Amino acid sequence: MKNEGMQMHFKKGVTTLCVLSLLERREMYGYEIVQEVERASGGFLTIQVGTLYPILYRLLEQGYIADRSELVGKRMTRVYYRLTDAGTLYLSGIRREYEAVSEGVRRILGSGEALHETA
């Protein structure tokens with residue numbers, strides 16, 4: 001269905017925006033990002049680990065984030081992600097785009113009566 005595709009595209013874009021915004025604040029590892037999205041959104045947004053990693057790998061490939069590995073304990077390696085300079089520029093652009101789209105939606109939702117009057 002077309003609507004499901006649109007919803008998935010929108011959700012993917014919002015997820016990318018949220019991930020980059022969190023990494024703008026500080027570097028984080030994957031599960032920490034999952035937890036912080038839920039905490040920072042007051043539980044309104046959640047990301048599944050299986051959804052997060054393809055986004056992180058795509059952002060790494062595009063050069064918007066970088067990673068580093070750190071040994072935690074005796075055997076566990078944790079991968080931390082951070083925003084790059086290119087990622088900061090990209091985030092700035094998609095943040096502006098998101099705000100413009102959100103404003104347009106707010107105007108439409110807030111003008112229901114005006115739409116009926118002109119129709």
# chains A, B, ... in the order shown; residues from 1 in each chain; ligands from 1
$ residues_around --residues "segment 67-71 of chain A" --least-positions-apart "5" --cutoff "8 Å" --atoms "only C-alpha atoms" --output "NGL selection string"
:A and (60 or 76-82)
$ write_last_selection --atoms "N, CA, C and O atoms" --output "compact mmCIF listing (two decimals), in the first residue's frame"
# COMPACT_ATOMS: atom_id res chain seq x y z
N LEU A 60 27.27 5.67 8.55
CA LEU A 60 28.72 5.44 8.52
C LEU A 60 29.23 5.46 7.07
O LEU A 60 30.23 6.12 6.77
N MET A 76 34.18 -8.07 26.05
CA MET A 76 33.15 -7.36 25.27
C MET A 76 33.71 -6.09 24.64
O MET A 76 34.37 -5.29 25.30
N THR A 77 33.43 -5.93 23.36
CA THR A 77 33.80 -4.71 22.65
C THR A 77 32.53 -3.92 22.39
O THR A 77 31.53 -4.46 21.92
N ARG A 78 32.56 -2.65 22.69
CA ARG A 78 31.41 -1.78 22.46
C ARG A 78 31.80 -0.76 21.39
O ARG A 78 32.88 -0.19 21.43
N VAL A 79 30.91 -0.56 20.44
CA VAL A 79 31.16 0.39 19.35
C VAL A 79 30.42 1.68 19.67
O VAL A 79 29.20 1.69 19.85
N TYR A 80 31.17 2.77 19.73
CA TYR A 80 30.60 4.09 19.98
C TYR A 80 30.52 4.85 18.65
O TYR A 80 31.42 4.74 17.81
N TYR A 81 29.46 5.62 18.50
CA TYR A 81 29.23 6.41 17.28
C TYR A 81 29.25 7.88 17.64
O TYR A 81 28.80 8.28 18.71
N ARG A 82 29.77 8.69 16.73
CA ARG A 82 29.81 10.14 16.92
C ARG A 82 29.53 10.83 15.59
O ARG A 82 29.76 10.27 14.52
$ residues_around --residues "segment 14-19 of chain A" --least-positions-apart "5" --cutoff "12 Å" --atoms "only C-alpha atoms" --output "VMD selection string"
chain A and resid 7 to 9 24 to 38 40 to 41 45 to 49 51 to 59 64 to 65 81 to 83 87 to 88 90 to 99 101 to 102
$ select_by_dssp --residues "chain A" --states "helix (DSSP H, G or I)" --output "PyMOL selection string"
chain A and resi 2-25+30-40+49-62+85-110+112-118
$ atom_distance --atom1 "atom CA of Val105 of chain A" --atom2 "atom CA of Leu22 of chain A"
24.3 Å
$ select_by_dssp --residues "segment 4-112 of chain A" --states "strand (DSSP E or B)" --output "short mmCIF file (atom, residue, chain, number, x, y, z; two decimals) with N, CA and C atoms, in the first residue's frame"
data_model
loop_
_atom_site.label_atom_id
_atom_site.label_comp_id
_atom_site.auth_asym_id
_atom_site.auth_seq_id
_atom_site.Cartn_x
_atom_site.Cartn_y
_atom_site.Cartn_z
N MET A 28 27.65 7.83 21.51
CA MET A 28 26.87 6.79 22.18
C MET A 28 27.06 5.47 21.46
N TYR A 29 26.80 4.39 22.17
CA TYR A 29 26.77 3.07 21.54
C TYR A 29 25.33 2.72 21.20
N ILE A 65 28.56 9.87 10.27
CA ILE A 65 28.98 9.48 11.61
C ILE A 65 30.27 8.67 11.48
N ALA A 66 30.99 8.57 12.58
CA ALA A 66 32.19 7.74 12.65
C ALA A 66 32.03 6.83 13.87
N ASP A 67 32.81 5.77 13.90
CA ASP A 67 32.72 4.86 15.03
C ASP A 67 34.10 4.57 15.60
N ARG A 68 34.08 4.07 16.81
CA ARG A 68 35.31 3.61 17.45
C ARG A 68 34.92 2.47 18.38
N SER A 69 35.80 1.52 18.52
CA SER A 69 35.54 0.36 19.38
C SER A 69 36.30 0.53 20.68
N GLU A 70 35.68 0.06 21.75
CA GLU A 70 36.30 0.14 23.06
C GLU A 70 36.05 -1.18 23.79
N LEU A 71 37.10 -1.70 24.37
CA LEU A 71 36.97 -2.94 25.14
C LEU A 71 36.29 -2.62 26.47
N VAL A 72 35.21 -3.35 26.76
CA VAL A 72 34.47 -3.17 28.00
C VAL A 72 34.55 -4.51 28.73
N MET A 76 34.18 -8.07 26.05
CA MET A 76 33.15 -7.36 25.27
C MET A 76 33.71 -6.09 24.64
N THR A 77 33.43 -5.93 23.36
CA THR A 77 33.80 -4.71 22.65
C THR A 77 32.53 -3.92 22.39
N ARG A 78 32.56 -2.65 22.69
CA ARG A 78 31.41 -1.78 22.46
C ARG A 78 31.80 -0.76 21.39
N VAL A 79 30.91 -0.56 20.44
CA VAL A 79 31.16 0.39 19.35
C VAL A 79 30.42 1.68 19.67
N TYR A 80 31.17 2.77 19.73
CA TYR A 80 30.60 4.09 19.98
C TYR A 80 30.52 4.85 18.65
N TYR A 81 29.46 5.62 18.50
CA TYR A 81 29.23 6.41 17.28
C TYR A 81 29.25 7.88 17.64
N ARG A 82 29.77 8.69 16.73
CA ARG A 82 29.81 10.14 16.92
C ARG A 82 29.53 10.83 15.59
N LEU A 83 29.06 12.05 15.68
CA LEU A 83 28.76 12.86 14.50
C LEU A 83 30.07 13.39 13.91
#
$ atom_distance --atom1 "atom CA of Thr84 of chain A" --atom2 "atom CA of Lys12 of chain A"
20.2 Å
$ atom_distance --atom1 "atom CA of Gly42 of chain A" --atom2 "atom CA of Ser21 of chain A"
15.8 Å
$ decode --residues "segment 92-104 of chain A" --atoms "all heavy atoms" --output "PDB file, in the first residue's frame"
ATOM      1  N   SER A  92      21.940  19.691  10.072  1.00  0.00           N
ATOM      2  CA  SER A  92      21.407  21.049   9.976  1.00  0.00           C
ATOM      3  C   SER A  92      20.389  21.151   8.838  1.00  0.00           C
ATOM      4  O   SER A  92      19.312  21.726   8.995  1.00  0.00           O
ATOM      5  CB  SER A  92      22.555  22.031   9.753  1.00  0.00           C
ATOM      6  OG  SER A  92      22.068  23.336   9.592  1.00  0.00           O
ATOM      7  N   GLY A  93      20.707  20.558   7.697  1.00  0.00           N
ATOM      8  CA  GLY A  93      19.808  20.597   6.547  1.00  0.00           C
ATOM      9  C   GLY A  93      18.527  19.816   6.773  1.00  0.00           C
ATOM     10  O   GLY A  93      17.435  20.307   6.487  1.00  0.00           O
ATOM     11  N   ILE A  94      18.644  18.586   7.306  1.00  0.00           N
ATOM     12  CA  ILE A  94      17.419  17.799   7.497  1.00  0.00           C
ATOM     13  C   ILE A  94      16.588  18.329   8.660  1.00  0.00           C
ATOM     14  O   ILE A  94      15.377  18.180   8.659  1.00  0.00           O
ATOM     15  CB  ILE A  94      17.686  16.279   7.634  1.00  0.00           C
ATOM     16  CG1 ILE A  94      18.505  15.939   8.863  1.00  0.00           C
ATOM     17  CG2 ILE A  94      18.305  15.731   6.370  1.00  0.00           C
ATOM     18  CD1 ILE A  94      18.608  14.432   9.130  1.00  0.00           C
ATOM     19  N   ARG A  95      17.230  18.996   9.603  1.00  0.00           N
ATOM     20  CA  ARG A  95      16.477  19.631  10.697  1.00  0.00           C
ATOM     21  C   ARG A  95      15.621  20.770  10.137  1.00  0.00           C
ATOM     22  O   ARG A  95      14.442  20.893  10.476  1.00  0.00           O
ATOM     23  CB  ARG A  95      17.439  20.138  11.762  1.00  0.00           C
ATOM     24  CG  ARG A  95      16.758  20.656  13.002  1.00  0.00           C
ATOM     25  CD  ARG A  95      17.763  21.085  14.051  1.00  0.00           C
ATOM     26  NE  ARG A  95      18.214  19.935  14.807  1.00  0.00           N
ATOM     27  CZ  ARG A  95      19.440  19.791  15.301  1.00  0.00           C
ATOM     28  NH1 ARG A  95      20.357  20.717  15.106  1.00  0.00           N
ATOM     29  NH2 ARG A  95      19.761  18.722  15.987  1.00  0.00           N
ATOM     30  N   ARG A  96      16.205  21.591   9.270  1.00  0.00           N
ATOM     31  CA  ARG A  96      15.439  22.689   8.640  1.00  0.00           C
ATOM     32  C   ARG A  96      14.294  22.136   7.810  1.00  0.00           C
ATOM     33  O   ARG A  96      13.175  22.650   7.834  1.00  0.00           O
ATOM     34  CB  ARG A  96      16.352  23.546   7.761  1.00  0.00           C
ATOM     35  CG  ARG A  96      17.160  24.571   8.501  1.00  0.00           C
ATOM     36  CD  ARG A  96      17.816  25.581   7.565  1.00  0.00           C
ATOM     37  NE  ARG A  96      18.581  24.961   6.486  1.00  0.00           N
ATOM     38  CZ  ARG A  96      19.855  24.598   6.575  1.00  0.00           C
ATOM     39  NH1 ARG A  96      20.518  24.789   7.677  1.00  0.00           N
ATOM     40  NH2 ARG A  96      20.469  24.055   5.535  1.00  0.00           N
ATOM     41  N   GLU A  97      14.572  21.081   7.062  1.00  0.00           N
ATOM     42  CA  GLU A  97      13.549  20.455   6.221  1.00  0.00           C
ATOM     43  C   GLU A  97      12.405  19.903   7.084  1.00  0.00           C
ATOM     44  O   GLU A  97      11.234  20.093   6.772  1.00  0.00           O
ATOM     45  CB  GLU A  97      14.196  19.326   5.415  1.00  0.00           C
ATOM     46  CG  GLU A  97      13.380  18.812   4.276  1.00  0.00           C
ATOM     47  CD  GLU A  97      14.175  17.794   3.463  1.00  0.00           C
ATOM     48  OE1 GLU A  97      15.376  17.988   3.233  1.00  0.00           O
ATOM     49  OE2 GLU A  97      13.555  16.793   3.058  1.00  0.00           O
ATOM     50  N   TYR A  98      12.748  19.229   8.162  1.00  0.00           N
ATOM     51  CA  TYR A  98      11.744  18.670   9.065  1.00  0.00           C
ATOM     52  C   TYR A  98      10.889  19.786   9.676  1.00  0.00           C
ATOM     53  O   TYR A  98       9.669  19.683   9.751  1.00  0.00           O
ATOM     54  CB  TYR A  98      12.404  17.850  10.176  1.00  0.00           C
ATOM     55  CG  TYR A  98      11.416  17.358  11.199  1.00  0.00           C
ATOM     56  CD1 TYR A  98      10.646  16.217  10.951  1.00  0.00           C
ATOM     57  CD2 TYR A  98      11.211  18.041  12.391  1.00  0.00           C
ATOM     58  CE1 TYR A  98       9.715  15.770  11.864  1.00  0.00           C
ATOM     59  CE2 TYR A  98      10.281  17.598  13.312  1.00  0.00           C
ATOM     60  CZ  TYR A  98       9.535  16.463  13.048  1.00  0.00           C
ATOM     61  OH  TYR A  98       8.607  16.040  13.959  1.00  0.00           O
ATOM     62  N   GLU A  99      11.525  20.866  10.115  1.00  0.00           N
ATOM     63  CA  GLU A  99      10.791  21.984  10.707  1.00  0.00           C
ATOM     64  C   GLU A  99       9.845  22.623   9.698  1.00  0.00           C
ATOM     65  O   GLU A  99       8.724  22.992  10.038  1.00  0.00           O
ATOM     66  CB  GLU A  99      11.770  23.002  11.291  1.00  0.00           C
ATOM     67  CG  GLU A  99      12.459  22.483  12.540  1.00  0.00           C
ATOM     68  CD  GLU A  99      13.626  23.332  13.009  1.00  0.00           C
ATOM     69  OE1 GLU A  99      13.972  24.338  12.338  1.00  0.00           O
ATOM     70  OE2 GLU A  99      14.214  22.983  14.043  1.00  0.00           O
ATOM     71  N   ALA A 100      10.268  22.751   8.441  1.00  0.00           N
ATOM     72  CA  ALA A 100       9.412  23.327   7.402  1.00  0.00           C
ATOM     73  C   ALA A 100       8.211  22.430   7.132  1.00  0.00           C
ATOM     74  O   ALA A 100       7.073  22.908   7.042  1.00  0.00           O
ATOM     75  CB  ALA A 100      10.210  23.556   6.121  1.00  0.00           C
ATOM     76  N   VAL A 101       8.447  21.135   7.016  1.00  0.00           N
ATOM     77  CA  VAL A 101       7.342  20.192   6.779  1.00  0.00           C
ATOM     78  C   VAL A 101       6.396  20.193   7.971  1.00  0.00           C
ATOM     79  O   VAL A 101       5.171  20.223   7.812  1.00  0.00           O
ATOM     80  CB  VAL A 101       7.885  18.772   6.495  1.00  0.00           C
ATOM     81  CG1 VAL A 101       6.768  17.731   6.534  1.00  0.00           C
ATOM     82  CG2 VAL A 101       8.606  18.733   5.161  1.00  0.00           C
ATOM     83  N   SER A 102       6.955  20.182   9.185  1.00  0.00           N
ATOM     84  CA  SER A 102       6.130  20.199  10.395  1.00  0.00           C
ATOM     85  C   SER A 102       5.268  21.454  10.468  1.00  0.00           C
ATOM     86  O   SER A 102       4.094  21.395  10.850  1.00  0.00           O
ATOM     87  CB  SER A 102       7.006  20.109  11.648  1.00  0.00           C
ATOM     88  OG  SER A 102       7.668  18.877  11.700  1.00  0.00           O
ATOM     89  N   GLU A 103       5.837  22.582  10.090  1.00  0.00           N
ATOM     90  CA  GLU A 103       5.074  23.831  10.100  1.00  0.00           C
ATOM     91  C   GLU A 103       3.932  23.765   9.091  1.00  0.00           C
ATOM     92  O   GLU A 103       2.812  24.196   9.365  1.00  0.00           O
ATOM     93  CB  GLU A 103       5.983  25.023   9.795  1.00  0.00           C
ATOM     94  CG  GLU A 103       5.263  26.350   9.714  1.00  0.00           C
ATOM     95  CD  GLU A 103       4.519  26.738  10.992  1.00  0.00           C
ATOM     96  OE1 GLU A 103       4.880  26.260  12.088  1.00  0.00           O
ATOM     97  OE2 GLU A 103       3.557  27.532  10.891  1.00  0.00           O
ATOM     98  N   GLY A 104       4.198  23.218   7.924  1.00  0.00           N
ATOM     99  CA  GLY A 104       3.142  23.066   6.932  1.00  0.00           C
ATOM    100  C   GLY A 104       2.021  22.175   7.427  1.00  0.00           C
ATOM    101  O   GLY A 104       0.833  22.491   7.256  1.00  0.00           O
TER     102      GLY A 104
END
